[in-house]
Each structure stands twice: as structure tokens, then as C-alpha cells.
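Here is the structure we will look at, set down as C-alpha cells.
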Amino acid sequence: MIVKEFRELVRDRRTLAMLIVMPLLLLVIFGYAANFYVSSVKTAVVGPQASQVVALLPSFFDVTVTEPAGTQADARTLLRDNTVDVAFVTGKTPVPALVDGSNLFAAQSAVAALNKAGDRVTTQVLYNPGLKTSWVMVPAIIGLILTFIGTIITSIGMVRERESGTLEQLAVMPIRPSRVILGKIAPYFLVAALDMIIVTVLGILLFAVPFNGNPLAFALGAAIFLFVVLGLGVFISTISQTVGQAIQTAFFFLLPQILLSGMIFPLEAMAAGVRWIGYLLPLTYFTMISQGIMLRGAPIAALWLPFVVLTAMAVVVFTGATLRFRRDLAPGRPARQAHGPAAATEPAAAGGKANTVGTS
Amino acid sequence: MTYAVRSATVRFGPAVALDDVTVEVPGGSVVAVVGGDGAGKSTLLRALAGEVSLDAGTVEAPPRERLGYLPASSGSWAALTVTQNIDFVAGIYGLAGDELAARCAELLDRAALTPAAGRLAAQLSGGMRRKLGFVMAIVHRPALLILDEPTTGIDPVSRIDLWRLVSEAAASGAAVLMSTTYLDEAERAGHLVVLDRGRVLVQGPYDRVRADFAGVVTRASQPVRAEWAWRRGRILHEYWPGADPPAGATAVEPDLEDIVIALSLARRNAVSS
């Protein structure tokens, strides 16, 4: 029995990968990524005494913007656009320090550091004045729910079709592969969109999470993100033969998104060797969009980078996955369509013989 | 109209699933494909259905609008009712309204599925589900009907029902190509094709296959050459390709099972020697 079990296990490469890769992955992630402490925050210093203040700031404040001609409005814009996490507006005593509360861990670290400055600085936390975790988590959880539906539920739905053999039947019917794919994906897209609305509204009602930005920009970001995760779901379905395999594979895609997208552990606190993985994950960019729009009221122009990256991901992942799915769905279709009714798919092979009674 | 695969070769990696196979399916007839596991039956059917690309050879098949296919799997959506399954497939073929309602009622009646019309496909018995799959395959009156082991694993009564439906489809002019593991079914077909390891061992009407069978089959309790013998019930049959059995051996009239096994052994022994 033990030998049999080992033989089966060795041939089940996905389970084997889960047994070997997952512990290593968790070790690496928790070793290098599980860190709530932010060692430095991006800082702007504006106003007439900007240069003097920069010289006085401890190294924790990583000054990336210095604008002696800048105003408080400029400082707010820099925070809203996520250019910096903290902005000092010089010219007054005490010096006002504006902190971006939507970047929770950076804000908590910054507030702690500013408190040490005593009366010389007045701290004002913007976008999440109470530094509530729920305000930061709800926009990220919206993305997580979309990821869950897009990858796991979609891949299960599509693999079930393959497992039951009905995909084989669809393949010989006069229905375009693009319509099959559209028909399979559209319900999940709509359900995910409905879920997104419900979670957003509930988040606002239950946790008083603000929605300061443009709902249309948010919907656009969510739609692009949905194409990415639906594409992942379709891709998973093309490399899975059973529902169990699809769930296993989807789990491989889901776990890094939860742990490395910045949703739980701040990206800037992760070791560089792990952080780059986070920048490959679509949830990272959706979280930037959802937090930016909901909490900071950021316009699309300020979020162009996550929008562009997500769009590129959507094009690559969705197109690649649907092409793979189409190939699986209609391996012999192009030739038949090209020749039309009762036509040969290929030229007759030279020397081919007809098998008649008595030949073998 | 005759549909066909000609000189078809299909490879899956190093394995040759079909090797220079030619099979014709005339309209109004039933062609049964028989053979053991891995003989290439499903590949042949899937090649004609356009689900498998040929490495060599040609396929002559109607357009998809005139093709009906019942795969080896259930062939229906488990979470839809019987009627919803038929409606869905019929919709793809452009049937709607009164025409669809009349066709659906007619087929449900012929398949004895009317009482189960509102039941989920998942709740049907194996035989009922195969009949539903068959109904879905012929709802649009296809010119070519391809059935992959439609009667495997179902009870004798359902087999009779399905055969009646197959015969009716052929009688209405459809060309029917079906695979089966039951040799008695193959005998009932107008034309049979015996596949072994991707090659056609023999094909033609059953009577011709029997008439053209060369060699002698004998029966005995102990075989003279074990590699040419097979068990039939309590006794063994043995094939003598050169019609040269030993003196005193008892010859038997070979049935289709004997012919299929004898020809398979002849090919395999020829290959191994």
C-alpha cells in the first residue's frame, strides 16, 4: 500500500509540486516578505525652507521630491498621485507633515517617526485619518474576490465541460470557438462584476470606507483586471484535465497574489529578491488602482502606470489563453472550414490503398 | 452521398493511432467499427468528425451543420434538463419555435424520454442519458451521424431502443458510422470495419466478411499452438491460416468473434515473426 501510494504520488506531479514547492515558497515568502516594518518612506519637501528641512530629516525619510516653490496643494497632489508617502510643507512653524494614510504600513511608520519630532512638526494623515486597516483592505479584497472568481471558478467551469466530454461535442458543432469562449466567460464576468459592486457597497456601508474617486474609472480598472484573471482561469483550464487539477493549479496562482501583491505585507518592506514577484502579479496593480480611486480620489492620469500594466497583462494573458483554448477546442477545424462541404481536408496521400474485404 | 476517410494516418507522438485507413460510409447505411481497446475506433470517428487532424490522408465529410456526433462520454450537460439539453443543441443548429417544439416532442417520444423531459440529465440512468445524447445528435437531421460506442455500459433493453433509433436514422437517409465493442451489434450493421492497432483488418458486409475469411478454425481442449488459440467458453478455438489443421481436429463454423480474433492473431503473429 505504501509503495503503491508513493508510485501514485511520484506520477502526480502537481501534488508533488505542492508538497515540495509550497513549503519552500512559504518559507521564502515568510522569510523575506512577511515584514510589516517599513524602513524608509518616499518623502517630498516643499516650500521656501525645503532645502534646510531636507538636511535635518533622518534617513527614514527618503526625500525624492524637493520643491522650494511648491505649496500645500502641490504636496497634496504628490500624495494623491502616490508619488510620495509623506510631504513636508515648509514655511510655517511647526512644519505641517502630510501623510498618505492609504499606504497603511508606511503611514504608521511615518506617524511613529514624526511623533518623535515633538512640537516641531504637526502631522496630518490624509485619505485614511484613522489609519484603519479595513479602509485599506476593502479595496484590495475586491480584487481578491475578482481573482477568486476569475481564476478558480472560471477554470472549474471550463474544465467541467472538458471532463464531462461536452466540450468535445461543442467542438464538432457549427459554433465558432470564439462564441464558445464568450459564452463560457460572459456569465463569470457578469457574476464577478455583480460581486464587485456588492462588496464595494457593503464595504462602504459596513466599514465606512470612502469612495472619493470616479466610479467609472474604478469600473474600467476592474473590467481590465477581470480580463486578466479570466484569462488566467481559461489558461488554467487548458492545462488541467480534471476539476481537482484546476483547483490545485489555481491555488498556485492565488496564493502569491494574496501574499505578495502588497495586500497584506507592504511591497516596500519586502526584500528585493521577493518584491519583484509582487510586481508581476495583476492584483498588485488592481490594488493600486482601487486604493488610489477609492481612498485618495486619484484620477486615471495619476494611475496611468497600473492601468497600462494591467492592460498589457490583459492583452497578453487573455489572448494567449483563448488561443490555447481555441486550439484545444478545434484542432481539425481550420482545414475543414477552408474546404467547405464534403471536401477533402488534405490532398490524397500518394499510394494510399483502399482497404477491402480480405485485406489487412 | 458517401462520406469517407481515405488513406488516413494519425499519430499521437510515437504512437500510430490510424495507419493508412480507408473507410466509406454511404448514406442510408450503418457502418459499425469494431476492435479491441486501442484499436483506433474513437480516433477514426473523431477524424471523420474533424476533431482530430490527420497526419496523412483525406476526410470527406459534410459541413458541421449536417453532422451529428455522440461522443463516448455522456454527451449531455448534467445540470440541464432533458428538454434544456435538446433546446440548447437545437438552437446551435438554428432550430427554434414550433419546428423545434415538434421535433423535440417527436424525438422524446421515439426515445421513450417524454416522462423524463423535465429531469436533469444528471438524474437519468446510463441508458436514458445515452438516448438523450443520441437525440441531441440527430435533432437537426444530420446527413452524417457519428456515434462513439453508443451502447457501451447500458442495459439490454436500452440497447434495443438505441438500435431502433439508429436504424430509423439510417432509414431516413443518414450515413451512420458507429463504434461498438459488441460483435452482435456489428453483425446487425450493413457494413462492418474491423480495426486492430490502427489498421483495418477486414471490412465489408458481414456476409462477405464471412465468405472471404480464409483458413480454418478448430476447437479443442488443448491447443496445438498456444499463440494461435483463444478461449470460447469452456473450450479453445485455434486458427489455421493455411487451412491445414492436423488430422482429427474438429473444424467449427467461425462466427464474427472468431474471425476478428483470428485475423488479429494472424496480423500480430506476422508482425512478431
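Chain lettering (A, B, ...) mirrors the order of the C-alpha cells, residue numbering begins at 1 for each chain separately, and ligand numbering begins at 1 in order of display.
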
Applying 6 Å and only C-alpha atoms, which residues near segment 276-290 of chain A remain after dropping the ones on its own chain fewer than 3 positions away? List them as a list in words.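 Residues near the query, excluding close chain neighbours: Pro139, Ala140, Leu260, Ser261, Ile293, Met294 and Pro306 of chain A.
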
Closest atom pairs, residues of chain B within 6 Å of chain A, only C-alpha atoms, as JSON lines:
{"residue": "B:Ser7", "atom": "CA", "partner": "A:Gly352", "partner_atom": "CA", "distance": 5.0}
{"residue": "B:Thr22", "atom": "CA", "partner": "A:Ala354", "partner_atom": "CA", "distance": 5.5}
{"residue": "B:Gly50", "atom": "CA", "partner": "A:Gly332", "partner_atom": "CA", "distance": 5.1}
{"residue": "B:Glu51", "atom": "CA", "partner": "A:Gly332", "partner_atom": "CA", "distance": 5.4}
{"residue": "B:Val52", "atom": "CA", "partner": "A:Gly332", "partner_atom": "CA", "distance": 5.5}
{"residue": "B:Ser53", "atom": "CA", "partner": "A:Gly332", "partner_atom": "CA", "distance": 4.7}
{"residue": "B:Gly57", "atom": "CA", "partner": "A:Ala349", "partner_atom": "CA", "distance": 5.1}
{"residue": "B:Thr58", "atom": "CA", "partner": "A:Glu346", "partner_atom": "CA", "distance": 5.1}
{"residue": "B:Val59", "atom": "CA", "partner": "A:Ala344", "partner_atom": "CA", "distance": 5.0}
{"residue": "B:Glu60", "atom": "CA", "partner": "A:Ala342", "partner_atom": "CA", "distance": 5.1}
{"residue": "B:Ala61", "atom": "CA", "partner": "A:Ala342", "partner_atom": "CA", "distance": 4.6}
{"residue": "B:Pro62", "atom": "CA", "partner": "A:Ala342", "partner_atom": "CA", "distance": 4.5}
{"residue": "B:Pro63", "atom": "CA", "partner": "A:Pro341", "partner_atom": "CA", "distance": 4.6}
{"residue": "B:Arg64", "atom": "CA", "partner": "A:Pro174", "partner_atom": "CA", "distance": 5.1}
{"residue": "B:Glu65", "atom": "CA", "partner": "A:Pro174", "partner_atom": "CA", "distance": 5.6}
{"residue": "B:Ser73", "atom": "CA", "partner": "A:Gly165", "partner_atom": "CA", "distance": 5.3}
{"residue": "B:Gly75", "atom": "CA", "partner": "A:Thr166", "partner_atom": "CA", "distance": 5.7}
{"residue": "B:Val200", "atom": "CA", "partner": "A:Ser360", "partner_atom": "CA", "distance": 5.8}
{"residue": "B:Leu201", "atom": "CA", "partner": "A:Ser360", "partner_atom": "CA", "distance": 4.2}
{"residue": "B:Val202", "atom": "CA", "partner": "A:Val357", "partner_atom": "CA", "distance": 5.2}
{"residue": "B:Gln203", "atom": "CA", "partner": "A:Val357", "partner_atom": "CA", "distance": 4.9}
{"residue": "B:Gly204", "atom": "CA", "partner": "A:Val357", "partner_atom": "CA", "distance": 5.5}

Got a sec: who's within 12 Å of Leu114 of chain A, counting only C-alpha atoms, leaving out chain neighbours fewer than 4 positions off, as a PyMOL selection string? chain A and resi 41+57-58+60-61+86-88+94-99+106-110+118-125

With a cut-off of 10 Å, could you pull out the residues of segment 68-115 of chain B touching segment 39-46 of chain B and give me the nearest pair of atoms for each, distance in Å to one decimal, using only C-alpha atoms, ordered by chain and ascending number, as CSV?
residue,atom,partner,partner_atom,distance
B:Tyr69,CA,B:Leu45,CA,9.0
B:Leu70,CA,B:Leu45,CA,10.0
B:Pro71,CA,B:Arg46,CA,8.6
B:Ala72,CA,B:Ser42,CA,8.0

Writer output for current selection, N, CA and C atoms, as a PDB file, in the first residue's frame:
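Resulting contents of out_19.pdb:
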ATOM      1  N   TYR B  69     -22.957  14.134 -33.800  1.00  0.00           N
ATOM      2  CA  TYR B  69     -21.868  13.394 -33.139  1.00  0.00           C
ATOM      3  C   TYR B  69     -22.253  13.078 -31.701  1.00  0.00           C
ATOM      4  N   LEU B  70     -22.146  11.827 -31.349  1.00  0.00           N
ATOM      5  CA  LEU B  70     -22.324  11.412 -29.957  1.00  0.00           C
ATOM      6  C   LEU B  70     -20.977  10.913 -29.452  1.00  0.00           C
ATOM      7  N   PRO B  71     -20.317  11.669 -28.568  1.00  0.00           N
ATOM      8  CA  PRO B  71     -19.005  11.225 -28.092  1.00  0.00           C
ATOM      9  C   PRO B  71     -19.143  10.034 -27.148  1.00  0.00           C
ATOM     10  N   ALA B  72     -17.995   9.475 -26.801  1.00  0.00           N
ATOM     11  CA  ALA B  72     -18.014   8.300 -25.919  1.00  0.00           C
ATOM     12  C   ALA B  72     -18.479   8.667 -24.513  1.00  0.00           C
TER      13      ALA B  72
END

For Gly190 of chain B: contacts at 12 Å, only C-alpha atoms, fewer than 4 positions along chain excluded, given as a PyMOL selection string: chain B and resi 25-33+166-167+170-171+175-178+185-186+203-209

Include N, CA and C atoms and write out the residues we just selected as a compact mmCIF listing (two decimals), in the first residue's frame.
# COMPACT_ATOMS: atom_id res chain seq x y z
N VAL B 25 -18.62 5.59 -45.76
CA VAL B 25 -19.91 5.49 -45.07
C VAL B 25 -20.98 6.01 -46.03
N PRO B 26 -21.66 5.10 -46.73
CA PRO B 26 -22.69 5.56 -47.67
C PRO B 26 -23.94 6.04 -46.94
N GLY B 27 -24.65 6.98 -47.55
CA GLY B 27 -25.90 7.47 -46.98
C GLY B 27 -26.91 6.33 -46.88
N GLY B 28 -27.70 6.33 -45.81
CA GLY B 28 -28.73 5.31 -45.63
C GLY B 28 -28.22 3.99 -45.11
N SER B 29 -26.96 3.95 -44.68
CA SER B 29 -26.42 2.69 -44.17
C SER B 29 -25.76 2.89 -42.81
N VAL B 30 -25.60 1.77 -42.11
CA VAL B 30 -24.91 1.80 -40.81
C VAL B 30 -23.59 1.06 -40.96
N VAL B 31 -22.51 1.73 -40.68
CA VAL B 31 -21.18 1.12 -40.71
C VAL B 31 -20.71 0.99 -39.26
N ALA B 32 -20.43 -0.22 -38.85
CA ALA B 32 -20.00 -0.46 -37.47
C ALA B 32 -18.50 -0.69 -37.43
N VAL B 33 -17.84 0.00 -36.54
CA VAL B 33 -16.39 -0.17 -36.37
C VAL B 33 -16.17 -0.97 -35.10
N VAL B 166 -31.09 4.12 -34.15
CA VAL B 166 -30.02 4.15 -35.16
C VAL B 166 -30.56 3.69 -36.51
N SER B 167 -31.31 2.60 -36.49
CA SER B 167 -31.87 2.07 -37.74
C SER B 167 -32.80 3.08 -38.39
N ALA B 170 -30.80 5.77 -40.13
CA ALA B 170 -30.26 5.29 -41.41
C ALA B 170 -31.37 5.17 -42.45
N ALA B 171 -32.54 4.70 -42.00
CA ALA B 171 -33.65 4.54 -42.93
C ALA B 171 -34.09 5.89 -43.50
N ALA B 175 -26.08 8.76 -43.17
CA ALA B 175 -24.94 7.85 -43.16
C ALA B 175 -24.51 7.71 -41.71
N VAL B 176 -24.50 6.49 -41.18
CA VAL B 176 -24.20 6.30 -39.76
C VAL B 176 -22.89 5.52 -39.61
N LEU B 177 -21.96 6.13 -38.88
CA LEU B 177 -20.72 5.43 -38.53
C LEU B 177 -20.70 5.30 -37.02
N MET B 178 -20.67 4.08 -36.53
CA MET B 178 -20.68 3.88 -35.08
C MET B 178 -19.62 2.87 -34.66
N GLU B 185 -23.81 -6.54 -32.37
CA GLU B 185 -24.28 -5.28 -32.96
C GLU B 185 -23.63 -5.07 -34.33
N ALA B 186 -22.33 -5.40 -34.39
CA ALA B 186 -21.62 -5.22 -35.66
C ALA B 186 -22.24 -6.08 -36.75
N GLN B 203 -12.99 -5.37 -43.86
CA GLN B 203 -14.22 -4.59 -43.84
C GLN B 203 -15.11 -5.01 -44.98
N GLY B 204 -16.37 -4.74 -44.82
CA GLY B 204 -17.36 -5.10 -45.83
C GLY B 204 -18.64 -5.56 -45.17
N PRO B 205 -19.64 -5.97 -45.95
CA PRO B 205 -20.86 -6.52 -45.36
C PRO B 205 -20.53 -7.82 -44.61
N TYR B 206 -21.26 -8.08 -43.58
CA TYR B 206 -20.95 -9.23 -42.72
C TYR B 206 -20.85 -10.53 -43.52
N ASP B 207 -21.81 -10.75 -44.42
CA ASP B 207 -21.81 -11.99 -45.20
C ASP B 207 -20.55 -12.11 -46.04
N ARG B 208 -20.10 -10.99 -46.59
CA ARG B 208 -18.88 -11.05 -47.41
C ARG B 208 -17.66 -11.30 -46.54
N VAL B 209 -17.67 -10.68 -45.38
CA VAL B 209 -16.53 -10.88 -44.46
C VAL B 209 -16.41 -12.37 -44.12

I need the residues in segment 97-310 of chain A that are strand (DSSP E or B) according to DSSP; give them as an MDAnalysis selection string. chainID A and resid 97:100 121:126

Just the residues within 10 Å of Thr151 of chain B, please, counting only C-alpha atoms, with nothing from its chain fewer than 2 positions along; format it as a short mmCIF file (atom, residue, chain, number, x, y, z; two decimals) with N, CA and C atoms, in the first residue's frame.
data_model
loop_
_atom_site.label_atom_id
_atom_site.label_comp_id
_atom_site.auth_asym_id
_atom_site.auth_seq_id
_atom_site.Cartn_x
_atom_site.Cartn_y
_atom_site.Cartn_z
N ALA B 72 -18.00 9.47 -26.80
CA ALA B 72 -18.01 8.30 -25.92
C ALA B 72 -18.48 8.67 -24.51
N GLY B 126 -27.99 5.48 -17.01
CA GLY B 126 -26.98 5.48 -18.07
C GLY B 126 -27.60 5.34 -19.45
N GLY B 127 -28.57 4.41 -19.56
CA GLY B 127 -29.22 4.18 -20.85
C GLY B 127 -30.01 5.39 -21.31
N ARG B 130 -27.69 8.05 -22.57
CA ARG B 130 -27.16 7.80 -23.91
C ARG B 130 -28.23 8.09 -24.96
N LYS B 131 -29.48 7.75 -24.62
CA LYS B 131 -30.55 8.03 -25.57
C LYS B 131 -30.72 9.55 -25.74
N LEU B 147 -21.38 7.95 -34.03
CA LEU B 147 -21.75 7.51 -32.67
C LEU B 147 -20.59 6.72 -32.08
N ASP B 148 -20.02 7.21 -31.01
CA ASP B 148 -18.88 6.54 -30.39
C ASP B 148 -19.38 5.65 -29.26
N GLU B 149 -19.40 4.38 -29.51
CA GLU B 149 -19.87 3.38 -28.55
C GLU B 149 -21.17 3.80 -27.86
N GLY B 153 -22.05 -0.12 -21.86
CA GLY B 153 -22.39 0.07 -20.45
C GLY B 153 -23.86 0.29 -20.17
N ILE B 154 -24.73 0.01 -21.13
CA ILE B 154 -26.15 0.21 -20.84
C ILE B 154 -26.89 -1.12 -20.92
N ASP B 155 -28.06 -1.16 -20.36
CA ASP B 155 -28.77 -2.44 -20.22
C ASP B 155 -29.32 -2.91 -21.58
N PRO B 156 -29.66 -4.20 -21.67
CA PRO B 156 -30.10 -4.77 -22.97
C PRO B 156 -31.32 -4.07 -23.56
N SER B 158 -32.27 -0.92 -23.17
CA SER B 158 -31.87 0.37 -23.72
C SER B 158 -31.07 0.18 -25.01
N ARG B 159 -30.29 -0.90 -25.07
CA ARG B 159 -29.54 -1.19 -26.30
C ARG B 159 -30.48 -1.39 -27.47
N ILE B 160 -31.56 -2.13 -27.21
CA ILE B 160 -32.55 -2.37 -28.28
C ILE B 160 -33.17 -1.04 -28.71
N ASP B 161 -33.52 -0.21 -27.72
CA ASP B 161 -34.11 1.10 -28.03
C ASP B 161 -33.16 1.92 -28.90
N LEU B 162 -31.89 1.93 -28.49
CA LEU B 162 -30.92 2.74 -29.24
C LEU B 162 -30.73 2.21 -30.65
N TRP B 163 -30.70 0.89 -30.79
CA TRP B 163 -30.54 0.32 -32.12
C TRP B 163 -31.71 0.66 -33.03
N MET B 178 -20.67 4.08 -36.53
CA MET B 178 -20.68 3.88 -35.08
C MET B 178 -19.62 2.87 -34.66
N SER B 179 -19.05 3.10 -33.52
CA SER B 179 -18.12 2.12 -32.97
C SER B 179 -18.86 1.32 -31.92
N THR B 180 -18.43 0.10 -31.76
CA THR B 180 -19.06 -0.74 -30.75
C THR B 180 -18.09 -1.82 -30.30
N THR B 181 -18.29 -2.27 -29.08
CA THR B 181 -17.48 -3.39 -28.60
C THR B 181 -18.30 -4.68 -28.66
N TYR B 182 -19.57 -4.55 -29.06
CA TYR B 182 -20.44 -5.73 -29.13
C TYR B 182 -20.47 -6.25 -30.56
N GLU B 185 -23.81 -6.54 -32.37
CA GLU B 185 -24.28 -5.28 -32.96
C GLU B 185 -23.63 -5.07 -34.33
#

Measuring atom to atom with only C-alpha atoms, identify which of B:Val271, B:Leu183, B:Ala220, B:Ala174 is nearest to Asp255 of chain B.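 Under the stated criterion, the closest residue is B:Leu183.
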
Measuring between only C-alpha atoms, which one of A:Gln257, A:Gln72, A:Thr90, A:Asn128 shows the shortest distance to Ser51 of chain A? A:Thr90

Counting only C-alpha atoms, the option among A:Ile239, A:Val317, A:Leu202, A:Ala301 closest to Thr77 of chain A: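 Looking at the shortest contact to Thr77 of chain A, the residue is A:Ala301.
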
Once DSSP has gone over the backbone, tell me which residues of segment 83-269 of chain A are in alpha helix (DSSP H), as JSON, numbers by chain. {"A": [104, 105, 106, 107, 108, 109, 110, 111, 112, 113, 114, 115, 133, 134, 135, 136, 137, 138, 139, 140, 141, 142, 143, 144, 145, 146, 147, 154, 155, 156, 157, 158, 159, 160, 161, 162, 163, 166, 167, 168, 169, 170, 171, 172, 177, 178, 179, 180, 181, 182, 183, 184, 185, 186, 187, 188, 189, 190, 191, 192, 193, 194, 195, 196, 197, 198, 199, 200, 201, 202, 203, 204, 205, 206, 207, 215, 216, 217, 218, 219, 220, 221, 222, 223, 224, 225, 226, 227, 228, 229, 230, 231, 232, 233, 234, 235, 236, 237, 238, 243, 244, 245, 246, 247, 248, 249, 250, 251, 252, 253, 254, 255, 256, 257, 258, 259, 260]}

What separates atom CA of Ser172 of chain B and atom CA of Ala111 of chain B is a distance of 15.9 Å
